[in-house]
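*Asks:* Take a look at the following structure, please.
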Amino acid sequence: MRYAFYISGNSTRLLHYLEQSDDAAVDQIILAISDYSISDKMEKVLKENHIKSVEFAYDDFEGISNREKNMMLSDHILEQLEKYNIDYCISFGSHILSGELLEKYKYRLINFHPSILPMFPGKGAIDQAVLHGNTFLVGNTVHFIDSGVDTGKIIMQSVIPLQSFYDNDNDYDCVLDLQIEMLNRLFSIIEHEQLLVEEGNVKIAGADYGKYTIFPEIDIKMKEKDKK
């Protein structure tokens, strides 16, 4: 498989992934497309791993709407994906993709979003969850990109109790770093042809959908002992 990443800003999660992963996994990443100037640190890591980088100066286009800029960005991404024969594009980007890109790469554009969708789509998702007040869990969603805002079919999700977020001094990394493990799993299921889309429904072949957990974890035996 040949992978590309669409990134925005510092893209810390991709940076951490490249720093932690083995050569075999990284060798399949061909391209990184950024809608901002790529940081010196990221550029250095990309070059070390022989990953091509392309910038799209999103903020340099003045006098046109964000919708028009998103279309231009999407056309640029499609051009690069076809130029480098990319199989899947992974998005850690912040802008809405649209147009022909969504048609030609249907079920091959995959986004990482920092909330348990369908709760809190769009920007500032973690802050939205915290400010919501009665939200007990925060987490991440990996989903296909469609024409809506974070409305595509869900592939996998991760959760963390909101109290853990508070216990980590409201550090976003305790939530966002889960995306690195999710990316490892995503690559694995794609490589092993386990990611299935049947009649519009997404399923991971061989996955266990029957497990569940309850938060917070309570030692019932200890509580019963205390009552005696």
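Chain identifiers are assigned as A, B, and so on, following the order in which chains appear in the structure tokens; residues are numbered from 1 within each chain, and ligands are numbered from 1 in order of appearance.
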DSSP on the backbone, strand (DSSP E) only: what residues of range 110-227 of chain A does that give? Format it as a ChimeraX atom specification.

*Replies:* /A:110-113,137-144,154-161,195-198,201-204

*Asks:* Just to be explicit: take each residue in the selection above, keep N, CA and C atoms, and write the result as an mmCIF file, in the first residue's frame.

*Replies:*
```cif
data_model
loop_
_atom_site.group_PDB
_atom_site.id
_atom_site.type_symbol
_atom_site.label_atom_id
_atom_site.label_comp_id
_atom_site.auth_asym_id
_atom_site.auth_seq_id
_atom_site.Cartn_x
_atom_site.Cartn_y
_atom_site.Cartn_z
ATOM 1 N N ILE A 110 -9.539 8.881 4.965
ATOM 2 C CA ILE A 110 -9.845 8.517 6.346
ATOM 3 C C ILE A 110 -9.389 9.632 7.283
ATOM 4 N N ASN A 111 -10.304 10.068 8.136
ATOM 5 C CA ASN A 111 -10.035 11.182 9.043
ATOM 6 C C ASN A 111 -9.921 10.716 10.487
ATOM 7 N N PHE A 112 -9.066 11.400 11.254
ATOM 8 C CA PHE A 112 -8.949 11.201 12.699
ATOM 9 C C PHE A 112 -9.534 12.432 13.376
ATOM 10 N N HIS A 113 -10.573 12.216 14.203
ATOM 11 C CA HIS A 113 -11.260 13.327 14.857
ATOM 12 C C HIS A 113 -11.260 13.121 16.372
ATOM 13 N N LEU A 137 -17.195 10.834 29.034
ATOM 14 C CA LEU A 137 -16.068 10.291 28.291
ATOM 15 C C LEU A 137 -15.623 11.265 27.206
ATOM 16 N N VAL A 138 -14.335 11.243 26.910
ATOM 17 C CA VAL A 138 -13.783 11.901 25.724
ATOM 18 C C VAL A 138 -13.038 10.837 24.939
ATOM 19 N N GLY A 139 -12.669 11.144 23.703
ATOM 20 C CA GLY A 139 -11.988 10.121 22.921
ATOM 21 C C GLY A 139 -11.752 10.546 21.493
ATOM 22 N N ASN A 140 -11.604 9.555 20.613
ATOM 23 C CA ASN A 140 -11.263 9.796 19.219
ATOM 24 C C ASN A 140 -12.100 8.901 18.311
ATOM 25 N N THR A 141 -12.278 9.347 17.091
ATOM 26 C CA THR A 141 -12.985 8.572 16.085
ATOM 27 C C THR A 141 -12.166 8.542 14.799
ATOM 28 N N VAL A 142 -12.056 7.366 14.212
ATOM 29 C CA VAL A 142 -11.487 7.203 12.878
ATOM 30 C C VAL A 142 -12.652 6.915 11.939
ATOM 31 N N HIS A 143 -12.793 7.735 10.904
ATOM 32 C CA HIS A 143 -13.961 7.566 10.033
ATOM 33 C C HIS A 143 -13.617 7.934 8.595
ATOM 34 N N PHE A 144 -14.393 7.395 7.664
ATOM 35 C CA PHE A 144 -14.249 7.796 6.274
ATOM 36 C C PHE A 144 -14.745 9.229 6.105
ATOM 37 N N ILE A 154 -18.107 5.384 10.478
ATOM 38 C CA ILE A 154 -17.101 5.206 11.527
ATOM 39 C C ILE A 154 -16.393 3.857 11.383
ATOM 40 N N ILE A 155 -15.069 3.887 11.511
ATOM 41 C CA ILE A 155 -14.249 2.676 11.434
ATOM 42 C C ILE A 155 -13.922 2.159 12.831
ATOM 43 N N MET A 156 -13.442 3.031 13.700
ATOM 44 C CA MET A 156 -13.116 2.636 15.076
ATOM 45 C C MET A 156 -13.130 3.872 15.965
ATOM 46 N N GLN A 157 -13.248 3.636 17.269
ATOM 47 C CA GLN A 157 -13.243 4.721 18.241
ATOM 48 C C GLN A 157 -12.433 4.328 19.471
ATOM 49 N N SER A 158 -11.930 5.328 20.176
ATOM 50 C CA SER A 158 -11.270 5.114 21.467
ATOM 51 C C SER A 158 -11.896 6.053 22.480
ATOM 52 N N VAL A 159 -11.884 5.650 23.734
ATOM 53 C CA VAL A 159 -12.486 6.473 24.783
ATOM 54 C C VAL A 159 -11.547 6.557 25.983
ATOM 55 N N ILE A 160 -11.695 7.641 26.705
ATOM 56 C CA ILE A 160 -10.954 7.832 27.952
ATOM 57 C C ILE A 160 -11.877 8.585 28.898
ATOM 58 N N PRO A 161 -11.961 8.181 30.169
ATOM 59 C CA PRO A 161 -12.808 8.918 31.109
ATOM 60 C C PRO A 161 -12.379 10.380 31.209
ATOM 61 N N LEU A 195 -10.639 -4.289 6.387
ATOM 62 C CA LEU A 195 -11.535 -3.137 6.381
ATOM 63 C C LEU A 195 -12.548 -3.317 5.253
ATOM 64 N N LEU A 196 -13.772 -3.619 5.633
ATOM 65 C CA LEU A 196 -14.808 -3.962 4.668
ATOM 66 C C LEU A 196 -15.915 -2.913 4.665
ATOM 67 N N VAL A 197 -16.418 -2.606 3.476
ATOM 68 C CA VAL A 197 -17.586 -1.743 3.324
ATOM 69 C C VAL A 197 -18.609 -2.520 2.509
ATOM 70 N N GLU A 198 -19.695 -2.902 3.157
ATOM 71 C CA GLU A 198 -20.723 -3.707 2.502
ATOM 72 C C GLU A 198 -22.059 -2.998 2.607
ATOM 73 N N ASN A 201 -22.185 -0.128 4.936
ATOM 74 C CA ASN A 201 -21.839 -0.384 6.334
ATOM 75 C C ASN A 201 -20.378 -0.791 6.448
ATOM 76 N N VAL A 202 -19.715 -0.266 7.475
ATOM 77 C CA VAL A 202 -18.292 -0.537 7.680
ATOM 78 C C VAL A 202 -18.121 -1.612 8.739
ATOM 79 N N LYS A 203 -17.244 -2.560 8.447
ATOM 80 C CA LYS A 203 -16.967 -3.634 9.393
ATOM 81 C C LYS A 203 -15.501 -4.026 9.281
ATOM 82 N N ILE A 204 -14.909 -4.354 10.425
ATOM 83 C CA ILE A 204 -13.540 -4.866 10.442
ATOM 84 C C ILE A 204 -13.618 -6.380 10.608
#
```

*Asks:* Could you list, as number ranges by chain, every residue within 9 Å of range 97-102 of chain A, counting only C-alpha atoms and ignoring same-chain residues fewer than 4 positions away?

*Replies:* A: 67, 70-71, 73-75, 77-79, 106-109, 145-148

*Asks:* Using C-alpha atoms, can you export the residues from the last selection as an mmCIF file, in the first residue's frame?

*Replies:*
```
data_model
loop_
_atom_site.group_PDB
_atom_site.id
_atom_site.type_symbol
_atom_site.label_atom_id
_atom_site.label_comp_id
_atom_site.auth_asym_id
_atom_site.auth_seq_id
_atom_site.Cartn_x
_atom_site.Cartn_y
_atom_site.Cartn_z
ATOM 1 C CA ARG A 67 -15.639 27.123 0.548
ATOM 2 C CA ASN A 70 -11.489 24.211 0.452
ATOM 3 C CA MET A 71 -12.313 23.234 -3.125
ATOM 4 C CA LEU A 73 -7.225 22.512 -1.508
ATOM 5 C CA SER A 74 -9.210 19.376 -2.362
ATOM 6 C CA ASP A 75 -8.272 19.627 -6.051
ATOM 7 C CA ILE A 77 -4.721 17.026 -2.804
ATOM 8 C CA LEU A 78 -6.329 14.933 -5.552
ATOM 9 C CA GLU A 79 -3.662 16.023 -8.022
ATOM 10 C CA LYS A 106 -14.457 7.275 -1.783
ATOM 11 C CA TYR A 107 -13.726 4.924 1.147
ATOM 12 C CA ARG A 108 -10.024 5.723 0.763
ATOM 13 C CA LEU A 109 -10.015 9.078 2.593
ATOM 14 C CA ILE A 145 -14.579 11.304 4.878
ATOM 15 C CA ASP A 146 -17.792 12.215 3.082
ATOM 16 C CA SER A 147 -19.344 15.528 2.034
ATOM 17 C CA GLY A 148 -20.483 16.389 5.576
#
```

*Asks:* Rank nothing, just name the residue among A:Lys211, A:His95, A:His50, A:Lys41 nearest to Ile7 in chain A, using only C-alpha atoms.

*Replies:*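 Closest residue, counting only C-alpha atoms: A:His95.
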
*Asks:* Run DSSP on the backbone and give me the residues of range 33-198 of chain A it puts in alpha helix (DSSP H), as a PyMOL selection string.

*Replies:* chain A and resi 40-48+66-83+100-104+125-131+162-167+173-176+178-191

*Asks:* Let me see the file: selected residues, C-alpha atoms, as an mmCIF file, in the first residue's frame.

*Replies:*
```
data_model
loop_
_atom_site.group_PDB
_atom_site.id
_atom_site.type_symbol
_atom_site.label_atom_id
_atom_site.label_comp_id
_atom_site.auth_asym_id
_atom_site.auth_seq_id
_atom_site.Cartn_x
_atom_site.Cartn_y
_atom_site.Cartn_z
ATOM 1 C CA ASP A 40 11.450 22.681 10.426
ATOM 2 C CA LYS A 41 11.230 19.708 12.797
ATOM 3 C CA MET A 42 8.552 17.980 10.717
ATOM 4 C CA GLU A 43 10.437 18.694 7.483
ATOM 5 C CA LYS A 44 13.558 17.148 8.972
ATOM 6 C CA VAL A 45 11.709 13.978 10.055
ATOM 7 C CA LEU A 46 9.987 13.682 6.665
ATOM 8 C CA LYS A 47 13.322 13.938 4.846
ATOM 9 C CA GLU A 48 14.928 11.396 7.173
ATOM 10 C CA ASN A 66 -13.436 29.383 2.652
ATOM 11 C CA ARG A 67 -15.639 27.123 0.548
ATOM 12 C CA GLU A 68 -13.707 28.098 -2.581
ATOM 13 C CA LYS A 69 -10.394 27.638 -0.790
ATOM 14 C CA ASN A 70 -11.489 24.211 0.452
ATOM 15 C CA MET A 71 -12.313 23.234 -3.125
ATOM 16 C CA MET A 72 -8.906 24.432 -4.319
ATOM 17 C CA LEU A 73 -7.225 22.512 -1.508
ATOM 18 C CA SER A 74 -9.210 19.376 -2.362
ATOM 19 C CA ASP A 75 -8.272 19.627 -6.051
ATOM 20 C CA HIS A 76 -4.629 20.081 -5.079
ATOM 21 C CA ILE A 77 -4.721 17.026 -2.804
ATOM 22 C CA LEU A 78 -6.329 14.933 -5.552
ATOM 23 C CA GLU A 79 -3.662 16.023 -8.022
ATOM 24 C CA GLN A 80 -0.908 14.939 -5.639
ATOM 25 C CA LEU A 81 -2.572 11.640 -4.740
ATOM 26 C CA GLU A 82 -2.895 10.701 -8.403
ATOM 27 C CA LYS A 83 0.629 11.905 -9.199
ATOM 28 C CA GLU A 100 -13.972 15.272 -7.196
ATOM 29 C CA LEU A 101 -11.549 14.140 -4.488
ATOM 30 C CA LEU A 102 -14.427 12.632 -2.493
ATOM 31 C CA GLU A 103 -15.677 10.740 -5.535
ATOM 32 C CA LYS A 104 -12.363 9.345 -6.763
ATOM 33 C CA ALA A 125 -14.014 18.974 19.863
ATOM 34 C CA ILE A 126 -12.216 18.272 23.148
ATOM 35 C CA ASP A 127 -13.102 21.714 24.492
ATOM 36 C CA GLN A 128 -16.714 21.165 23.429
ATOM 37 C CA ALA A 129 -16.812 17.880 25.351
ATOM 38 C CA VAL A 130 -15.341 19.426 28.490
ATOM 39 C CA LEU A 131 -17.647 22.441 28.374
ATOM 40 C CA LEU A 162 -13.036 12.680 31.343
ATOM 41 C CA GLN A 163 -11.617 12.439 34.877
ATOM 42 C CA SER A 164 -8.367 11.111 33.365
ATOM 43 C CA PHE A 165 -8.207 14.262 31.272
ATOM 44 C CA TYR A 166 -8.598 16.352 34.435
ATOM 45 C CA ASP A 167 -6.054 14.198 36.283
ATOM 46 C CA ASP A 173 -2.052 14.695 24.614
ATOM 47 C CA CYS A 174 -3.621 12.114 26.940
ATOM 48 C CA VAL A 175 -6.520 11.999 24.474
ATOM 49 C CA LEU A 176 -4.765 12.687 21.182
ATOM 50 C CA LEU A 178 -4.492 7.422 21.482
ATOM 51 C CA GLN A 179 -4.626 8.272 17.781
ATOM 52 C CA ILE A 180 -1.122 6.859 17.317
ATOM 53 C CA GLU A 181 -2.211 3.379 18.423
ATOM 54 C CA MET A 182 -5.365 3.750 16.330
ATOM 55 C CA LEU A 183 -3.212 4.586 13.296
ATOM 56 C CA ASN A 184 -1.151 1.439 13.883
ATOM 57 C CA ARG A 185 -4.338 -0.619 13.980
ATOM 58 C CA LEU A 186 -5.736 1.114 10.904
ATOM 59 C CA PHE A 187 -2.657 0.302 8.846
ATOM 60 C CA SER A 188 -2.816 -3.314 10.037
ATOM 61 C CA ILE A 189 -6.455 -3.863 9.089
ATOM 62 C CA ILE A 190 -5.916 -2.257 5.679
ATOM 63 C CA GLU A 191 -2.831 -4.350 4.992
#
```

*Asks:* To one decimal in Å, tell me the separation between CA of Ser21 in chain A and CA of Phe56 in chain A.

*Replies:*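 Atom-to-atom, CA of Ser21 in chain A to CA of Phe56 in chain A, that is 26.6 Å.
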
*Asks:* Please compute the CA of Asp22 in chain A-CA of Asn49 in chain A distance, one decimal, in Å.

*Replies:* 10.6 Å

*Asks:* Could you tell me how far CA of Tyr6 in chain A lies from CA of Asn170 in chain A, in Å and to one decimal?

*Replies:*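 Taking CA of Tyr6 in chain A as the start and CA of Asn170 in chain A as the end point, the length is 26.7 Å.
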
*Asks:* Give the answer as one residue: which of A:Glu199, A:Val149, A:Ile96, A:Asn168 has the shortest atom-to-atom distance to Pro121 in chain A, using only C-alpha atoms?

*Replies:* A:Val149

*Asks:* Go through A:Asp177, A:Asp150, A:Glu19, A:Glu217 and flag the residue nearest Leu117 in chain A, using only C-alpha atoms for the distances.

*Replies:*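 Among the listed residues, the smallest separation from Leu117 in chain A belongs to A:Asp150.
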